[in-house]
Every structure is written in structure tokens, then in C-alpha cells.
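> Provided below: model04.cif, containing mmCIF, C-alpha atoms.
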data_entry
#
loop_
_atom_site.label_atom_id
_atom_site.label_comp_id
_atom_site.auth_asym_id
_atom_site.auth_seq_id
_atom_site.Cartn_x
_atom_site.Cartn_y
_atom_site.Cartn_z
CA MET A 188 -7.80 8.76 0.69
CA ILE A 189 -4.41 7.30 1.56
CA PRO A 190 -3.46 7.01 5.27
CA PHE A 191 -0.96 9.56 6.67
CA ALA A 192 -2.15 12.09 4.06
CA GLY A 193 -5.05 14.55 4.07
CA SER A 194 -4.47 16.53 7.26
CA ALA A 195 -7.31 18.84 8.22
CA LEU A 196 -5.03 21.06 10.34
CA ASN A 197 -4.09 24.58 9.34
CA ARG A 198 -0.34 24.51 9.94
CA ALA A 199 -0.33 28.29 10.50
CA SER A 200 3.36 28.41 9.66
CA GLU A 201 3.37 32.20 9.87
CA LYS A 202 2.81 31.90 13.63
CA ARG A 203 5.78 29.61 14.37
CA THR A 204 8.25 32.45 14.94
CA ASP A 205 5.92 34.23 17.37
CA ALA A 206 7.03 32.65 20.65
CA ASN A 207 4.49 34.62 22.70
CA TRP A 208 1.61 33.43 20.51
CA ILE A 209 2.81 29.82 20.64
CA GLU A 210 3.14 29.94 24.42
CA SER A 211 -0.31 31.49 24.83
CA LYS A 212 -1.80 28.71 22.73
CA ARG A 213 0.03 26.14 24.82
CA ARG A 214 -1.78 27.48 27.89
CA GLU A 215 -5.26 27.84 26.41
CA PRO A 216 -7.73 25.39 28.02
CA SER A 217 -9.07 24.43 24.60
CA SER A 218 -5.67 23.40 23.17
CA LEU A 219 -4.90 19.71 22.72
CA THR A 220 -1.68 17.70 22.80
CA LEU A 221 -0.74 14.33 21.34
CA PRO A 222 1.67 12.53 23.69
CA MET A 223 4.33 10.50 21.88
CA TRP A 224 6.21 7.82 23.84
CA ARG A 225 9.29 6.55 22.04
CA LEU A 226 7.67 7.66 18.78
CA GLU A 227 4.43 5.82 19.53
CA PRO A 228 1.24 7.95 19.48
CA PHE A 229 -1.33 7.80 22.25
CA ILE A 230 -4.69 6.15 21.49
CA LEU A 231 -7.74 6.70 23.69
CA GLY A 232 -9.60 3.78 25.22
CA SER A 233 -8.56 0.22 25.93
CA GLU A 234 -6.41 -2.12 23.83
CA LYS A 235 -9.21 -4.66 24.21
CA SER A 236 -11.87 -2.35 22.79
CA GLY A 237 -12.69 -2.44 19.10
CA PRO A 238 -13.21 0.31 16.52
CA PRO A 239 -13.78 3.16 16.17
CA PHE A 240 -10.36 4.11 17.55
CA GLU A 241 -9.71 7.69 18.58
CA LEU A 242 -6.40 9.52 18.54
CA GLY A 243 -5.25 10.41 22.06
CA LEU A 244 -5.40 14.19 21.96
CA VAL A 245 -5.50 15.31 25.60
CA ARG A 246 -5.54 18.58 27.48
CA VAL A 247 -2.21 20.35 27.66
CA GLU A 248 -1.87 20.06 31.44
CA ILE A 249 -2.30 16.28 31.31
CA ALA A 250 0.52 15.86 28.81
CA ASP A 251 2.74 18.42 30.53
CA SER A 252 2.40 16.66 33.86
CA ILE A 253 4.37 13.66 32.59
CA ALA A 254 6.91 15.41 30.34
CA GLY A 255 10.41 16.44 31.35
CA ALA A 256 11.47 20.07 31.41
CA GLU A 257 13.41 19.63 28.16
CA ALA A 258 10.76 17.61 26.36
CA VAL A 259 10.35 18.46 22.68
CA CYS A 260 7.02 20.13 21.96
CA ILE A 261 5.88 20.69 18.37
CA PHE A 262 3.10 22.99 17.19
CA LEU A 263 1.22 20.91 14.65
CA GLY A 264 -1.41 23.45 13.62
CA LEU A 265 -4.90 24.76 14.21
CA ASP A 266 -8.15 22.85 14.19
CA GLY A 267 -10.40 25.87 13.74
CA GLU A 268 -9.23 28.13 16.56
CA ARG A 269 -7.95 25.27 18.71
CA ALA A 270 -4.20 24.63 18.70
CA VAL A 271 -2.86 21.09 18.43
CA PHE A 272 0.61 20.11 19.67
CA ALA A 273 2.74 16.96 19.88
CA LEU A 274 4.83 16.31 22.98
CA ASP A 275 7.66 13.81 23.44
CA VAL A 276 7.04 11.98 26.74
CA SER A 277 9.65 9.25 26.13
CA GLU A 278 11.40 9.93 29.44
CA ALA A 279 8.24 9.35 31.46
CA GLY A 280 9.00 5.65 32.04
CA ASP A 281 6.61 2.74 31.72
CA SER A 282 4.24 3.41 28.83
CA ALA A 283 1.48 1.32 30.40
CA ASN A 284 1.19 3.45 33.51
CA ILE A 285 2.26 7.04 32.85
CA GLY A 286 0.92 9.40 35.47
CA ALA A 287 -2.17 11.32 34.40
CA LEU A 288 -2.48 9.27 31.21
CA ALA A 289 -2.99 6.03 33.14
CA GLY A 290 -6.40 4.61 32.38
CA LEU A 291 -7.09 6.99 29.48
CA GLY A 292 -5.54 4.92 26.73
CA TYR A 293 -2.36 3.29 25.46
CA PHE A 294 0.58 3.90 23.14
CA ARG A 295 0.77 2.06 19.83
CA ASP A 296 3.34 1.70 17.05
CA ALA A 297 2.80 4.58 14.61
CA ARG A 298 2.42 2.33 11.57
CA VAL A 299 -0.29 0.29 13.29
CA ALA A 300 -1.94 3.36 14.81
CA GLY A 301 -2.13 5.01 11.38
CA SER A 302 -4.26 2.11 10.16
CA MET A 303 -6.53 2.24 13.21
CA VAL A 304 -7.65 5.87 13.33
CA SER A 305 -9.37 8.12 10.80
CA ILE A 306 -7.48 9.43 7.76
CA LYS A 307 -7.26 12.97 9.20
CA ASP A 308 -5.93 11.62 12.50
CA SER A 309 -3.39 9.41 10.73
CA ALA A 310 -2.03 12.58 9.09
CA ILE A 311 -1.52 14.08 12.55
CA ILE A 312 0.40 10.94 13.54
CA ALA A 313 2.61 11.28 10.45
CA GLN A 314 3.45 14.89 11.21
CA ALA A 315 4.06 14.32 14.91
CA LYS A 316 6.12 11.16 14.48
CA ALA A 317 8.37 12.56 11.74
CA MET A 318 8.98 15.83 13.59
CA ILE A 319 9.82 14.32 16.97
CA ASP A 320 11.97 11.67 15.32
CA TRP A 321 13.92 14.43 13.54
CA HIS A 322 14.55 16.28 16.81
CA GLN A 323 15.73 13.10 18.52
CA ARG A 324 18.33 12.59 15.79
CA HIS A 325 19.48 16.20 15.34
CA GLY A 326 20.46 17.39 18.78
CA PHE A 327 23.96 18.24 17.55
CA CYS A 328 25.10 20.40 14.67
CA PRO A 329 26.32 18.34 11.68
CA LYS A 330 28.59 21.25 10.75
CA CYS A 331 30.56 21.75 13.98
CA GLY A 332 29.22 19.13 16.42
CA ALA A 333 27.94 21.61 19.03
CA PRO A 334 24.49 21.21 20.66
CA THR A 335 21.54 22.74 18.83
CA LYS A 336 18.40 24.24 20.34
CA ILE A 337 14.81 24.06 19.22
CA MET A 338 13.33 27.14 17.51
CA ASP A 339 10.18 28.21 15.67
CA ALA A 340 7.77 25.93 17.54
CA GLY A 341 9.82 22.91 16.50
CA TYR A 342 10.49 23.64 12.82
CA ARG A 343 14.10 24.81 13.12
CA ARG A 344 17.16 23.98 15.19
CA LEU A 345 19.91 26.53 15.74
CA CYS A 346 23.52 25.78 16.60
CA GLY A 347 24.66 27.73 19.63
CA LYS A 348 28.27 27.75 18.44
CA CYS A 349 28.38 28.39 14.68
CA ASN A 350 24.79 29.67 14.27
CA ALA A 351 24.07 27.13 11.54
CA GLU A 352 20.35 26.59 10.98
CA HIS A 353 18.89 23.13 10.48
CA PHE A 354 15.42 22.31 9.21
CA PRO A 355 13.32 19.11 9.18
CA ARG A 356 14.07 16.99 6.14
CA VAL A 357 11.84 14.95 3.89
CA ASP A 358 13.38 12.19 1.77
CA PRO A 359 11.68 11.60 -1.62
CA VAL A 360 11.11 7.94 -2.51
CA VAL A 361 9.64 6.68 -5.76
CA ILE A 362 7.34 3.68 -5.44
CA MET A 363 6.19 2.35 -8.76
CA LEU A 364 4.03 -0.33 -10.26
CA ALA A 365 5.41 -1.47 -13.59
CA THR A 366 2.76 -2.94 -15.89
CA HIS A 367 2.79 -4.86 -19.15
CA GLY A 368 -0.56 -5.72 -20.67
CA GLU A 369 -2.61 -7.57 -18.07
CA ALA A 370 0.18 -8.03 -15.53
CA CYS A 371 1.99 -5.89 -12.96
CA LEU A 372 5.43 -6.34 -11.43
CA VAL A 373 5.75 -6.88 -7.67
CA GLY A 374 8.72 -7.74 -5.52
CA ARG A 375 9.44 -9.29 -2.15
CA GLY A 376 12.00 -7.63 0.08
CA LYS A 377 14.45 -9.79 2.00
CA LEU A 378 12.93 -8.70 5.31
CA PHE A 379 9.31 -9.06 4.18
CA PRO A 380 7.09 -11.72 5.78
CA PRO A 381 6.75 -14.90 3.70
CA GLY A 382 4.54 -14.35 0.66
CA MET A 383 4.39 -10.55 1.01
CA PHE A 384 4.87 -8.77 -2.31
CA SER A 385 4.75 -5.04 -2.95
CA ALA A 386 5.45 -2.38 -5.55
CA LEU A 387 9.15 -1.67 -6.04
CA ALA A 388 10.62 1.46 -4.47
CA GLY A 389 13.81 3.44 -3.99
CA PHE A 390 15.17 6.82 -2.97
CA VAL A 391 15.45 9.63 -5.50
CA GLU A 392 19.11 10.52 -5.94
CA PRO A 393 20.58 14.06 -6.20
CA GLY A 394 20.24 15.53 -9.67
CA GLU A 395 17.55 13.03 -10.67
CA THR A 396 13.95 13.52 -11.76
CA ILE A 397 11.11 11.36 -10.52
CA GLU A 398 10.80 9.69 -13.91
CA GLU A 399 14.53 8.97 -14.04
CA ALA A 400 14.45 7.48 -10.56
CA VAL A 401 11.55 5.19 -11.52
CA ARG A 402 13.40 3.94 -14.59
CA ARG A 403 16.70 3.49 -12.73
CA GLU A 404 15.19 1.62 -9.78
CA LEU A 405 13.23 -0.79 -11.99
CA MET A 406 16.34 -1.51 -14.02
CA GLU A 407 18.55 -1.91 -10.93
CA GLU A 408 16.17 -4.11 -8.94
CA ALA A 409 14.50 -6.17 -11.67
CA SER A 410 16.31 -5.47 -14.98
CA VAL A 411 13.01 -4.16 -16.34
CA LYS A 412 13.13 -1.41 -18.94
CA VAL A 413 10.19 1.00 -18.96
CA GLY A 414 9.04 3.83 -21.16
CA GLU A 415 6.09 5.99 -20.08
CA VAL A 416 6.01 6.97 -16.41
CA SER A 417 2.87 8.55 -14.94
CA TYR A 418 2.25 10.08 -11.53
CA TYR A 419 -0.42 8.61 -9.23
CA ALA A 420 -0.29 10.17 -5.73
CA THR A 421 2.03 10.82 -2.80
CA GLN A 422 2.01 9.61 0.78
CA PRO A 423 3.91 10.96 3.79
CA TRP A 424 5.69 7.96 5.29
CA PRO A 425 7.18 8.90 8.66
CA PHE A 426 9.57 5.94 8.98
CA PRO A 427 11.50 8.03 9.55
CA SER A 428 10.76 10.91 7.14
CA SER A 429 9.99 9.84 3.59
CA LEU A 430 7.57 11.13 0.98
CA MET A 431 6.42 8.20 -1.13
CA ILE A 432 5.84 9.29 -4.73
CA GLY A 433 3.52 6.76 -6.33
CA CYS A 434 3.88 6.15 -10.06
CA PHE A 435 2.86 3.75 -12.81
CA ALA A 436 5.38 2.68 -15.43
CA LYS A 437 4.85 0.95 -18.79
CA ALA A 438 7.32 -1.91 -19.18
CA ASP A 439 8.74 -2.77 -22.60
CA SER A 440 8.45 -6.51 -21.89
CA ARG A 441 8.00 -9.02 -19.09
CA ASP A 442 11.65 -9.94 -19.02
CA ALA A 443 12.78 -9.60 -15.41
CA LYS A 444 15.76 -10.66 -13.34
CA VAL A 445 15.91 -9.92 -9.63
CA ASP A 446 18.92 -8.17 -8.12
CA GLU A 447 19.46 -10.42 -5.12
CA ASN A 448 21.34 -7.65 -3.33
CA GLU A 449 18.13 -5.62 -3.36
CA LEU A 450 15.23 -8.09 -3.29
CA ALA A 451 14.47 -11.72 -2.58
CA GLU A 452 12.13 -12.20 -5.54
CA VAL A 453 10.16 -10.44 -8.28
CA ARG A 454 7.16 -11.75 -10.18
CA TRP A 455 4.51 -10.63 -12.64
CA LEU A 456 1.01 -10.66 -11.19
CA GLU A 457 -1.98 -11.09 -13.49
CA ARG A 458 -4.76 -8.51 -13.12
CA GLY A 459 -7.35 -11.05 -12.00
CA VAL A 460 -5.04 -12.35 -9.27
CA ALA A 461 -4.25 -8.81 -8.13
CA ARG A 462 -7.96 -7.97 -8.01
CA GLY A 463 -8.67 -11.04 -5.92
CA LEU A 464 -5.91 -10.19 -3.44
CA ILE A 465 -7.16 -6.61 -3.08
CA GLU A 466 -10.68 -7.87 -2.48
CA GLY A 467 -9.43 -10.14 0.32
CA LYS A 468 -9.25 -13.47 -1.50
CA GLN A 469 -6.77 -15.92 0.01
CA ILE A 470 -4.24 -16.99 -2.61
CA GLU A 471 -1.56 -19.38 -1.44
CA GLY A 472 1.97 -18.01 -1.46
CA ILE A 473 1.22 -14.36 -2.10
CA ARG A 474 -0.09 -11.36 -0.21
CA VAL A 475 -0.08 -7.63 -0.95
CA PRO A 476 0.38 -4.72 1.48
CA PRO A 477 -2.56 -3.50 3.60
CA PRO A 478 -4.38 -0.21 2.88
CA VAL A 479 -2.05 1.76 5.19
CA ALA A 480 0.59 1.62 2.42
CA ILE A 481 0.44 3.49 -0.89
CA ALA A 482 1.58 0.25 -2.59
CA HIS A 483 -1.85 -1.21 -1.80
CA HIS A 484 -3.54 1.72 -3.55
CA LEU A 485 -1.28 1.48 -6.60
CA ILE A 486 -2.10 -2.22 -7.00
CA LYS A 487 -5.80 -1.63 -6.30
CA THR A 488 -6.11 1.22 -8.81
CA TRP A 489 -4.49 -0.85 -11.54
CA ALA A 490 -6.29 -4.09 -10.65
CA LEU A 491 -9.67 -2.39 -10.86
CA GLY A 492 -8.84 -0.87 -14.23
CA GLY A 493 -7.88 2.63 -13.15
CA LYS A 494 -4.62 2.58 -15.11
#
Is it possible to give me this structure as C-alpha cells?

Amino acid sequence: MIPFAGSALNRASEKRTDANWIESKRREPSSLTLPMWRLEPFILGSEKSGPPFELGLVRVEIADSIAGAEAVCIFLGLDGERAVFALDVSEAGDSANIGALAGLGYFRDARVAGSMVSIKDSAIIAQAKAMIDWHQRHGFCPKCGAPTKIMDAGYRRLCGKCNAEHFPRVDPVVIMLATHGEACLVGRGKLFPPGMFSALAGFVEPGETIEEAVRRELMEEASVKVGEVSYYATQPWPFPSSLMIGCFAKADSRDAKVDENELAEVRWLERGVARGLIEGKQIEGIRVPPPVAIAHHLIKTWALGGK
């Protein structure tokens, strides 16, 4: 399974408009809340302790005790009969010593936390982070500029002036591994660490299919023409709200020329080298993304002969 995907929660979307039901679940002793401090999820235990790491789901009253009156609270779903929420505690102050949470755990960057916890818990992080991030950036109506208010347990905002409704967005991104014979194409972004190479990626544009986006991005970024495009898997990527659509693409040749406005470098990677990198072999001058990223799984699947 790919991190940030595979949630075990029942989102129970039909209950979101029932404010009385949501409030009753908020007050049930069995309900749990994930505190989020400046978009960082809470992890139980000590930063010095090793795995296994456990997501910091705490009792509702503990989270509420450190949240402001206007704190955004999102209903994430049901774990059996138990409700799970996310609560923005960003205004609580120092993350290392927040009231009732002090001594229970610590906050960690969502990308790092997603690689620490179980797959099902990383999916909770993805949902919570993307939703709270959306609320932080959509407090005002893009139509008229008036303040909006939270509705439907966090899944809608309503403008108090023009009554425009606004819903959480997901931005589709194609991420593709072009292959030609026994080699795959990888690129290094300008902001990547030295030696870090990944599959190429780009946003799907309006009026464009996934296949068209794959072909356009590979041509734009590397001047590589491809024919067959095949779907692999998707990954929620809450940075801030993307859905990564993993694909493989068959290149017509190994001719490539990097667009220096987009990338620092592109290169063809032989299958044996890719397999060694995935298996942890140290190869000077090149690294591939860790398992938290779908790019890792694209390269791994191809390197081990899956495509």
C-alpha cells in the first residue's frame, strides 16, 4: 500500500449535514480527535523513542481544552461506531508544551509523520491536513470577498453575504515514469536535494485527459515523445491538496532535452541501477524518493519487472 491512501474510516458523509448528530458524537466519551498544530499532526510518545509510532488520537476533552472557540473541527469519519475528528489547535502557542497535551507526545511535519505511522493512520493525516489547510485558506468568499462560515462538519463553507457555497478542492496531478526498453526517465527538480531524482509530474489542465497530460508534461519538461500510457495507482498528497495519478508511459526513443525552466536535469536510469537504489544500494550521485512518495512505488514496480 502507498502512504496517505487506504483509509479504514467510514466517512459517513450522509451524517455531515446532521448538526445534532455531529455534536453528539463530539461529546461521546469514546470519540477521538487528532490535534493539528500549524498543519502538523500529533504523534504519541517521545521524539526520542523509536518505532512503532502511533498517531496522536486523543479524547475530545483533551483536544478541546487547548483549542480556541473558533477552532476548525472536521469530522473525519467512523472507526466502527467511534467518531474520529481533526481539530486545529494552531492558536494554542508553543507546540512543545500545549496544555493537556504536554507529555503525551509531539507534533511532526505531516510528510514525515506520514512515513512514521501505519498506512491507515497516514490516510487520516492526509485527510486532516488537507481539510484544515483548505479552511485556513478559504475564510473569505472568492466571489464577493465576504467572510465564509464552516458548514456540514467541515465539508462546506457558506458565504454570509452572497450565499455562495464553497467545497474542498482536490487538484489532479499526473506523475509518470517514462520507459524505453531497459531504462526509465527520471528528473531532478531545481529545489531537490543534490542527487535526488524522481518521476516527472505536472498538474492536469482544464479540458485535458490524464493521458494527454502525461504526454504534454513529458514533452514540455524533457522533450520526450510517448505513445502508450497506462494507469498505475493514485495517492492523496496533502501538500496542499493534490491527487497524484501514477502512470507509466512508453517512450518512442531515449532522446531527451531538459527544460531548464522546469527541471535541473533529466537522465535515463537503467533497470539494474533502479533496482539497486530501491533495494537500498548506495550509488554515488543519485538517489530516488523514499516509500512515502508514489514516485518510489512507480520506480520500484518497474525496476522489479512489474511493468
> I would like the residues chosen by the PyMOL selection byres ((chain A and resi 216) around 8) on the shown file; could you give them as a compact mmCIF listing (two decimals) with C-alpha atoms, keeping the file's coordinate frame?

# COMPACT_ATOMS: atom_id res chain seq x y z
CA ARG A 214 -1.78 27.48 27.89
CA GLU A 215 -5.26 27.84 26.41
CA SER A 217 -9.07 24.43 24.60
CA SER A 218 -5.67 23.40 23.17
CA ARG A 246 -5.54 18.58 27.48
CA VAL A 247 -2.21 20.35 27.66
> What separation in Å, quoted to one decimal, exists between atom CA of A:Tyr419 and atom CA of A:Glu398?
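Interatomic distance, atom CA of A:Tyr419 to atom CA of A:Glu398: 12.2 Å.
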> Can you work out the spacing between atom CA of A:Gly433 and atom CA of A:Tyr418 in Å, to one decimal?
6.3 Å
> Specify as a ChimeraX atom specification each residue included when the PyMOL selection byres ((chain A and resi 278) around 9) is applied to this file.
/A:224-225,253-255,258,275-277,279-281
> For the file shown, what are the residues hit by the PyMOL selection byres ((chain A and resi 325) around 10), laid out as a VMD selection string?
chain A and resid 319 to 324 326 to 329 334 to 337 344 353 to 355
> What gap, in Å, lies between atom CA of A:Ala313 and atom CA of A:Ala297?
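Straight-line distance from atom CA of A:Ala313 to atom CA of A:Ala297 works out to 7.9 Å.
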> Would you kindly return, as a list in words, each protein, DNA or RNA residue with an atom no farther than 6 Å from any atom of A:Met431, considering all atoms listed in the file and excluding same-chain residues fewer than 3 positions away?
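These residues fall inside the cut-off: Val360, Val361, Thr421 and Gln422 of chain A.
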> Produce a file of the selected residues containing C-alpha atoms, as a compact mmCIF listing (two decimals), in the coordinates of the input.

# COMPACT_ATOMS: atom_id res chain seq x y z
CA VAL A 360 11.11 7.94 -2.51
CA VAL A 361 9.64 6.68 -5.76
CA THR A 421 2.03 10.82 -2.80
CA GLN A 422 2.01 9.61 0.78
> Within 6 Å of A:Trp455, counting all atoms listed in the file, which residues show up once you throw out same-chain ones fewer than 3 positions away? Write them as an mmCIF file with C-alpha atoms, in the frame of the given file, please.

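Saved the output as out-v2.cif:
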data_model
loop_
_atom_site.group_PDB
_atom_site.id
_atom_site.type_symbol
_atom_site.label_atom_id
_atom_site.label_comp_id
_atom_site.auth_asym_id
_atom_site.auth_seq_id
_atom_site.Cartn_x
_atom_site.Cartn_y
_atom_site.Cartn_z
ATOM 1 C CA ALA A 370 0.180 -8.030 -15.530
ATOM 2 C CA CYS A 371 1.990 -5.890 -12.960
ATOM 3 C CA LEU A 372 5.430 -6.340 -11.430
#
> Would you mind listing, for every residue of stretch 297-331 of chain A within 12 Å of stretch 266-271 of chain A, the two atoms forming the shortest contact and the distance between them in Å to one decimal, using only C-alpha atoms, sorted by chain and ascending residue number, as a tab-separated table?

residue	atom	partner	partner_atom	distance
A:Lys307	CA	A:Asp266	CA	11.1
A:Asp308	CA	A:Asp266	CA	11.6
A:Ile311	CA	A:Val271	CA	9.2
A:Ile312	CA	A:Val271	CA	11.7
A:Gln314	CA	A:Val271	CA	11.4
A:Ala315	CA	A:Val271	CA	10.3
> Compare A:Cys260, A:Val445, A:Ala436, A:Ala199 by their minimum atom-to-atom distance to A:Arg375, counting all atoms listed in the file, and give me the closest one.
A:Val445
> Point out the residue among A:Arg295, A:Arg462, A:Lys212, A:Lys348 with the least atom-to-atom distance to A:His484, counting only C-alpha atoms.
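Counting only C-alpha atoms, the residue closest to A:His484 is A:Arg462.
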> Identify which of the residues A:Leu274, A:Val304, A:Leu387, A:Val479 lies closest to A:Phe262, counting all atoms listed in the file when measuring atom-to-atom distances.
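Between A:Leu274, A:Val304, A:Leu387, A:Val479, the residue approaching A:Phe262 most closely is A:Leu274.
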> Taking 6 positions as the minimum chain separation for residues in the same chain, which residues sit within 9 Å of A:Ala480 when counting all atoms listed in the file? Answer as an MDAnalysis selection string.
chainID A and resid 189:190 422 424
> Between A:Gly264, A:Pro359, A:Gly232, A:Gly459, which residue has the minimum interatomic distance to A:Ile397, considering only C-alpha atoms?
A:Pro359
